[in-house]
>>> print(open('query-v2.csv').read())   # CSV, C-alpha atoms
chain,number,residue,atom,x,y,z
A,1341,MET,CA,32.7,5.6,-26.2
A,1342,VAL,CA,29.5,7.5,-25.6
A,1343,SER,CA,27.9,9.0,-28.7
A,1344,ILE,CA,27.0,12.7,-29.0
A,1345,SER,CA,23.3,11.9,-29.1
A,1346,ALA,CA,23.5,9.7,-26.0
A,1347,LEU,CA,25.5,12.3,-24.2
A,1348,ALA,CA,22.9,15.0,-25.1
A,1349,LEU,CA,20.1,12.8,-23.8
A,1350,ALA,CA,22.2,12.1,-20.6
A,1351,VAL,CA,22.7,15.9,-19.9
A,1352,SER,CA,19.0,16.7,-20.5
A,1353,MET,CA,18.1,13.7,-18.2
A,1354,ALA,CA,20.5,15.0,-15.6
A,1355,VAL,CA,18.8,18.5,-15.6
A,1356,ALA,CA,15.4,16.9,-15.1
A,1357,ALA,CA,16.8,14.6,-12.5
A,1358,GLY,CA,18.3,17.4,-10.5
A,1359,LEU,CA,15.0,19.3,-10.5
A,1360,ALA,CA,12.7,16.3,-9.8
A,1361,GLY,CA,15.0,15.2,-6.9
A,1362,CYS,CA,14.7,18.5,-5.1
A,1363,PHE,CA,11.0,18.1,-4.6
A,1364,ALA,CA,11.4,14.4,-3.8
A,1365,VAL,CA,13.8,15.3,-1.0
A,1366,MET,CA,11.5,18.0,0.3
A,1367,ARG,CA,8.6,15.5,0.3
A,1368,ARG,CA,10.8,13.1,2.3
A,1369,MET,CA,10.3,10.4,-0.3
A,1370,THR,CA,14.0,9.7,-1.1
A,1371,LEU,CA,13.9,5.9,-0.5
A,1372,ALA,CA,10.4,5.7,-2.1
A,1373,SER,CA,11.7,7.5,-5.1
A,1374,ASP,CA,14.6,5.0,-5.5
A,1375,ALA,CA,12.2,2.1,-5.2
A,1376,LEU,CA,9.7,3.6,-7.7
A,1377,SER,CA,12.4,3.5,-10.4
A,1378,HIS,CA,12.5,-0.3,-10.1
A,1379,VAL,CA,8.9,-0.6,-11.2
A,1380,ALA,CA,10.3,-0.2,-14.8
A,1381,LEU,CA,12.0,-3.7,-14.6
A,1382,PRO,CA,9.0,-5.9,-15.5
A,1383,GLY,CA,8.1,-3.6,-18.4
A,1384,ILE,CA,11.7,-3.9,-19.7
A,1385,GLY,CA,11.5,-7.7,-19.4
A,1386,ILE,CA,8.2,-7.9,-21.3
A,1387,ALA,CA,9.5,-5.6,-24.0
A,1388,LEU,CA,12.6,-7.6,-24.5
A,1389,ALA,CA,10.6,-10.8,-24.7
A,1390,LEU,CA,8.4,-9.3,-27.3
A,1391,HIS,CA,11.3,-7.6,-29.1
A,1392,PHE,CA,10.1,-4.1,-28.4
A,1393,ASN,CA,12.2,-1.1,-27.3
A,1394,PRO,CA,13.0,-1.8,-23.6
A,1395,VAL,CA,12.9,1.9,-22.7
A,1396,LEU,CA,9.3,2.0,-24.0
A,1397,GLY,CA,8.4,-1.0,-22.0
A,1398,GLY,CA,9.9,0.5,-18.9
A,1399,LEU,CA,8.1,3.7,-19.5
A,1400,VAL,CA,4.7,2.0,-19.8
A,1401,ALA,CA,5.4,0.0,-16.6
A,1402,LEU,CA,6.4,3.2,-14.7
A,1403,PHE,CA,3.2,5.0,-15.7
A,1404,VAL,CA,1.0,2.0,-14.8
A,1405,GLY,CA,2.8,1.7,-11.5
A,1406,THR,CA,2.5,5.4,-10.8
A,1407,LEU,CA,-1.3,5.5,-11.5
A,1408,LEU,CA,-1.6,2.4,-9.2
A,1409,VAL,CA,0.3,4.1,-6.4
A,1410,TRP,CA,-1.6,7.4,-6.7
A,1411,SER,CA,-5.0,5.6,-6.9
A,1412,ILE,CA,-4.3,3.4,-3.8
A,1413,GLN,CA,-3.0,6.4,-1.9
A,1414,TYR,CA,-6.1,8.6,-2.3
A,1415,LYS,CA,-8.5,5.7,-1.9
A,1416,THR,CA,-7.0,4.1,1.3
A,1417,ARG,CA,-4.8,7.0,2.7
A,1418,ILE,CA,-2.0,4.5,3.1
A,1419,PRO,CA,1.3,6.5,3.1
A,1420,THR,CA,2.9,6.8,-0.4
A,1421,GLU,CA,6.2,5.2,0.8
A,1422,THR,CA,4.3,2.1,2.0
A,1423,ILE,CA,2.5,1.7,-1.3
A,1424,ILE,CA,5.6,2.2,-3.4
A,1425,GLY,CA,7.4,-0.3,-1.3
A,1426,VAL,CA,4.8,-3.0,-2.0
A,1427,VAL,CA,4.6,-2.2,-5.7
A,1428,PHE,CA,8.5,-2.1,-5.9
A,1429,SER,CA,8.8,-5.5,-4.3
A,1430,ALA,CA,6.3,-7.0,-6.7
A,1431,ALA,CA,7.8,-5.3,-9.7
A,1432,LEU,CA,11.3,-6.4,-8.8
A,1433,ALA,CA,10.2,-10.1,-8.4
A,1434,VAL,CA,8.3,-10.2,-11.7
A,1435,GLY,CA,11.1,-8.3,-13.5
A,1436,SER,CA,13.8,-10.6,-12.3
A,1437,MET,CA,11.8,-13.6,-13.6
A,1438,LEU,CA,11.3,-12.0,-17.0
A,1439,THR,CA,15.0,-11.0,-17.5
A,1440,SER,CA,18.2,-12.9,-17.0
A,1441,GLY,CA,21.9,-12.8,-17.8
A,1442,GLN,CA,23.3,-9.8,-19.7
A,1443,GLU,CA,19.8,-8.4,-20.3
A,1444,LEU,CA,19.2,-8.2,-16.5
A,1445,ILE,CA,22.6,-6.5,-16.0
A,1446,GLU,CA,21.9,-3.9,-18.6
A,1447,ALA,CA,18.4,-3.3,-17.3
A,1448,LEU,CA,19.8,-2.8,-13.8
A,1449,PHE,CA,22.9,-0.7,-14.6
A,1450,GLY,CA,22.2,0.7,-18.0
A,1451,ALA,CA,24.2,0.4,-21.2
A,1452,PRO,CA,25.1,3.8,-22.8
A,1453,ARG,CA,25.2,3.5,-26.6
A,1454,ALA,CA,24.2,5.4,-29.8
A,1455,VAL,CA,20.6,6.2,-30.1
A,1456,GLY,CA,18.5,7.0,-33.2
A,1457,LEU,CA,17.2,10.4,-34.2
A,1458,VAL,CA,13.6,9.6,-33.2
A,1459,GLU,CA,14.6,8.4,-29.7
A,1460,THR,CA,17.0,11.4,-29.3
A,1461,MET,CA,14.3,14.0,-30.2
A,1462,ALA,CA,11.7,12.2,-28.1
A,1463,GLY,CA,14.0,12.1,-25.1
A,1464,LEU,CA,15.0,15.8,-25.4
A,1465,ALA,CA,11.3,16.7,-25.7
A,1466,ALA,CA,10.4,14.7,-22.6
A,1467,ALA,CA,13.2,16.3,-20.6
A,1468,ALA,CA,12.1,19.7,-21.7
A,1469,LEU,CA,8.5,18.9,-20.7
A,1470,VAL,CA,9.6,17.7,-17.2
A,1471,THR,CA,11.9,20.7,-16.7
A,1472,GLY,CA,9.2,23.1,-17.8
A,1473,PHE,CA,6.6,21.7,-15.5
A,1474,LEU,CA,8.8,21.6,-12.4
A,1475,LEU,CA,10.0,25.2,-12.9
A,1476,THR,CA,6.6,26.6,-13.6
A,1477,ALA,CA,4.8,24.6,-10.9
A,1478,ARG,CA,7.5,24.9,-8.2
A,1479,SER,CA,5.6,27.4,-6.1
A,1480,ARG,CA,2.4,25.3,-6.1
A,1481,LEU,CA,4.5,22.2,-5.3
A,1482,VAL,CA,6.0,23.9,-2.3
A,1483,ILE,CA,2.7,25.3,-1.0
A,1484,ALA,CA,1.0,21.9,-1.4
A,1485,LEU,CA,3.9,20.3,0.6
A,1486,VAL,CA,3.9,22.9,3.4
A,1487,SER,CA,0.1,23.1,3.7
A,1488,PRO,CA,-2.3,21.1,1.5
A,1489,ASP,CA,-5.3,23.1,3.1
A,1490,LEU,CA,-3.7,26.4,2.2
A,1491,ALA,CA,-3.0,25.1,-1.3
A,1492,ARG,CA,-6.7,24.1,-1.8
A,1493,THR,CA,-7.7,27.6,-0.5
A,1494,ALA,CA,-5.5,29.1,-3.2
A,1495,GLY,CA,-7.2,27.0,-5.8
A,1496,VAL,CA,-4.6,24.3,-6.2
A,1497,ASP,CA,-6.0,20.8,-7.1
A,1498,VAL,CA,-3.6,18.9,-4.7
A,1499,PRO,CA,-4.4,15.4,-5.8
A,1500,ARG,CA,-4.0,16.3,-9.5
A,1501,LEU,CA,-0.8,18.2,-8.8
A,1502,ASP,CA,0.6,15.1,-6.9
A,1503,LEU,CA,-0.3,12.9,-9.8
A,1504,VAL,CA,1.4,15.2,-12.4
A,1505,TYR,CA,4.5,15.4,-10.2
A,1506,LEU,CA,4.7,11.6,-9.9
A,1507,LEU,CA,4.2,11.3,-13.7
A,1508,ALA,CA,7.0,13.9,-14.2
A,1509,PHE,CA,9.2,11.9,-11.8
A,1510,VAL,CA,8.7,8.6,-13.6
A,1511,LEU,CA,9.3,10.2,-17.0
A,1512,THR,CA,12.6,11.4,-15.6
A,1513,VAL,CA,13.4,7.9,-14.5
A,1514,ALA,CA,12.5,6.6,-18.0
A,1515,LEU,CA,14.9,9.1,-19.5
A,1516,GLY,CA,17.8,7.5,-17.6
A,1517,LEU,CA,16.9,3.8,-18.1
A,1518,ARG,CA,19.2,3.3,-21.1
A,1519,TYR,CA,22.0,5.3,-19.6
A,1520,LEU,CA,21.9,4.4,-15.9
A,1521,GLY,CA,19.4,1.5,-15.6
A,1522,VAL,CA,16.7,1.1,-13.0
A,1523,LEU,CA,19.1,0.5,-10.1
A,1524,LEU,CA,21.1,3.7,-10.4
A,1525,MET,CA,18.7,6.2,-12.0
A,1526,GLY,CA,16.9,6.8,-8.6
A,1527,SER,CA,20.3,7.6,-7.1
A,1528,LEU,CA,21.0,10.4,-9.7
A,1529,ILE,CA,17.6,11.9,-8.8
A,1530,ILE,CA,18.2,11.8,-5.0
A,1531,ILE,CA,21.9,12.4,-4.4
A,1532,PRO,CA,22.4,15.8,-6.2
A,1533,ALA,CA,19.2,17.0,-4.5
A,1534,ALA,CA,20.5,15.9,-1.1
A,1535,THR,CA,23.8,17.6,-1.8
A,1536,ALA,CA,22.0,20.8,-2.8
A,1537,LYS,CA,19.9,20.7,0.4
A,1538,GLN,CA,23.1,20.9,2.4
A,1539,LEU,CA,24.5,23.9,0.5
A,1540,ALA,CA,21.6,26.0,-0.6
A,1541,GLY,CA,19.8,28.7,1.4
A,1542,SER,CA,16.8,29.0,-0.9
A,1543,LEU,CA,14.6,26.9,-3.2
A,1544,LYS,CA,16.1,28.6,-6.3
A,1545,GLY,CA,19.6,27.9,-5.0
A,1546,MET,CA,18.7,24.3,-4.2
A,1547,LEU,CA,17.4,23.7,-7.7
A,1548,LEU,CA,20.4,25.3,-9.3
A,1549,ILE,CA,23.0,23.4,-7.3
A,1550,ALA,CA,21.1,20.1,-7.8
A,1551,VAL,CA,21.2,20.6,-11.6
A,1552,VAL,CA,24.9,21.5,-11.6
A,1553,VAL,CA,25.8,18.5,-9.5
A,1554,ALA,CA,23.7,16.1,-11.6
A,1555,VAL,CA,25.1,17.4,-14.9
A,1556,LEU,CA,28.7,17.6,-13.7
A,1557,SER,CA,28.5,14.1,-12.4
A,1558,THR,CA,27.1,12.8,-15.7
A,1559,LEU,CA,29.7,14.6,-17.8
A,1560,LEU,CA,32.7,13.6,-15.6
A,1561,GLY,CA,31.4,10.1,-15.3
A,1562,SER,CA,30.9,9.7,-19.0
A,1563,TRP,CA,34.3,11.0,-19.7
A,1564,GLY,CA,36.0,9.1,-17.0
A,1565,ALA,CA,34.4,5.8,-18.0
A,1566,GLY,CA,35.9,6.1,-21.4
A,1567,VAL,CA,39.4,7.0,-20.1
A,1568,LEU,CA,39.5,4.5,-17.3
A,1569,HIS,CA,37.5,1.8,-19.1
A,1570,LEU,CA,34.9,1.6,-16.3
A,1571,GLU,CA,31.1,1.3,-16.4
A,1572,THR,CA,29.5,4.6,-16.9
A,1573,GLY,CA,26.5,4.4,-14.6
A,1574,PRO,CA,28.4,3.4,-11.4
A,1575,LEU,CA,31.1,6.0,-12.0
A,1576,ILE,CA,28.5,8.8,-12.4
A,1577,ILE,CA,26.8,7.8,-9.1
A,1578,ALA,CA,30.2,7.5,-7.4
A,1579,ILE,CA,31.1,11.1,-8.4
A,1580,ALA,CA,27.6,12.4,-7.3
A,1581,SER,CA,28.2,10.6,-4.0
A,1582,ALA,CA,31.6,12.2,-3.6
A,1583,CYS,CA,29.9,15.6,-4.1
A,1584,PHE,CA,27.4,14.8,-1.3
A,1585,PHE,CA,30.1,13.8,1.2
A,1586,LEU,CA,32.1,16.9,0.4
A,1587,SER,CA,28.9,19.0,1.0
A,1588,LEU,CA,28.7,17.4,4.5
A,1589,LEU,CA,32.2,18.8,5.3
A,1590,ARG,CA,31.2,22.3,4.1
A,1591,HIS,CA,28.0,22.1,6.1
A,1592,ARG,CA,30.0,21.1,9.2
A,1593,GLU,CA,32.4,24.0,8.8
A,1594,SER,CA,29.6,26.5,8.5
>>> encode(input="query-v2.csv", output="structure tokens")
Amino acid sequence: MVSISALALAVSMAVAAGLAGCFAVMRRMTLASDALSHVALPGIGIALALHFNPVLGGLVALFVGTLLVWSIQYKTRIPTETIIGVVFSAALAVGSMLTSGQELIEALFGAPRAVGLVETMAGLAAAALVTGFLLTARSRLVIALVSPDLARTAGVDVPRLDLVYLLAFVLTVALGLRYLGVLLMGSLIIIPAATAKQLAGSLKGMLLIAVVVAVLSTLLGSWGAGVLHLETGPLIIAIASACFFLSLLRHRES
């Protein structure tokens, strides 16, 4: 049974995931986004070996990996997807060597459980930070995506904005590490956004639909897992995937 504190964190994480995913889909970095979430694995392994909080270890690894990806991207002009793919492969290999057995399963698929007050408050604050940034910076993010030159003319620091978005993205991933794990968290970011893209006619509508799908999938998956005695993470993603396929039917009819 999922605790109230864990469920509150899960809902706030779903809101952030829905918003972050919309911009990832518009940036055409869906597969890269999923791969980036796996960078947390070696951090989780090191934290477990040192008896630290695995979520904290995963967060550190994500931030280090993000800074590495951003730095290489702007120094070499190699596409972000290529860099993330290389970093992902290395992180997955190292993380698999550092974790094993049940620890590896929980790191990959998550293990919803009660969380302390400090972790709950920190998670809610992080989710609010990500949500606030994405909502206030949505116009700049879109302009930078459509035309980086136009964005620079308008006074937008595009490299800095890209970095802050990537940091917001990985913070969202970190929020879901305990609940969904590194293997499924990327899916909750991408699938609701992909669903919203099929249904929405505007950016505002896309953001709203993505959040609704992410939150609804999380709530139904958490409830259904308790009733059906299934794993929470896979059920959440299965529900989100069902929403996506239903959106394809609606899109075909229109």
>>> closest_residue(input="query-v2.csv", among="A:Ala1433, A:Leu1523, A:Leu1511, A:Leu1408", to="His1378 in chain A", atoms="all atoms listed in the file")
A:Leu1523
>>> closest_residue(input="query-v2.csv", among="A:Ala1494, A:Ala1462, A:Ala1484, A:Val1510", to="Thr1406 in chain A", atoms="all atoms listed in the file")
A:Val1510
>>> atom_distance(input="query-v2.csv", atom1="CA of Ser1562 in chain A", atom2="CA of Met1461 in chain A")
20.5 Å
>>> closest_residue(input="query-v2.csv", among="A:Ile1579, A:Met1437, A:Ile1531, A:Leu1481", to="Ala1389 in chain A", atoms="all atoms listed in the file")
A:Met1437
>>> residues_around(input="query-v2.csv", residues="range 1542-1558 of chain A", least_positions_apart="3", cutoff="8 Å", atoms="only C-alpha atoms", output="ChimeraX atom specification")
/A:1350-1351,1354-1359,1361-1362,1528-1529,1532-1537,1539,1561-1562,1576-1577,1579-1580,1583
>>> closest_residue(input="query-v2.csv", among="A:Gln1538, A:Leu1376, A:Arg1368, A:Leu1347", to="Leu1485 in chain A", atoms="all atoms listed in the file")
A:Arg1368
>>> atom_distance(input="query-v2.csv", atom1="CA of Ala1467 in chain A", atom2="CA of Leu1517 in chain A")
13.3 Å
>>> closest_residue(input="query-v2.csv", among="A:Ile1386, A:Ala1465, A:Ala1477, A:Ile1530", to="Met1366 in chain A", atoms="only C-alpha atoms")
A:Ile1530
>>> residues_near_point(input="query-v2.csv", point="(32.2, 5.1, -13.6)", cutoff="9 Å", atoms="all atoms listed in the file", output="PyMOL selection string")
chain A and resi 1560-1566+1568-1579
>>> atom_distance(input="query-v2.csv", atom1="CA of Ala1387 in chain A", atom2="CA of Val1426 in chain A")
22.6 Å
>>> closest_residue(input="query-v2.csv", among="A:Leu1396, A:Ala1466, A:Leu1507, A:Ala1360", to="Arg1478 in chain A", atoms="only C-alpha atoms")
A:Ala1360
>>> residues_near_point(input="query-v2.csv", point="(4.3, 13.7, -17.6)", cutoff="12 Å", atoms="only C-alpha atoms", output="ChimeraX atom specification")
/A:1356,1360,1399-1400,1402-1403,1406-1407,1465-1474,1500-1515
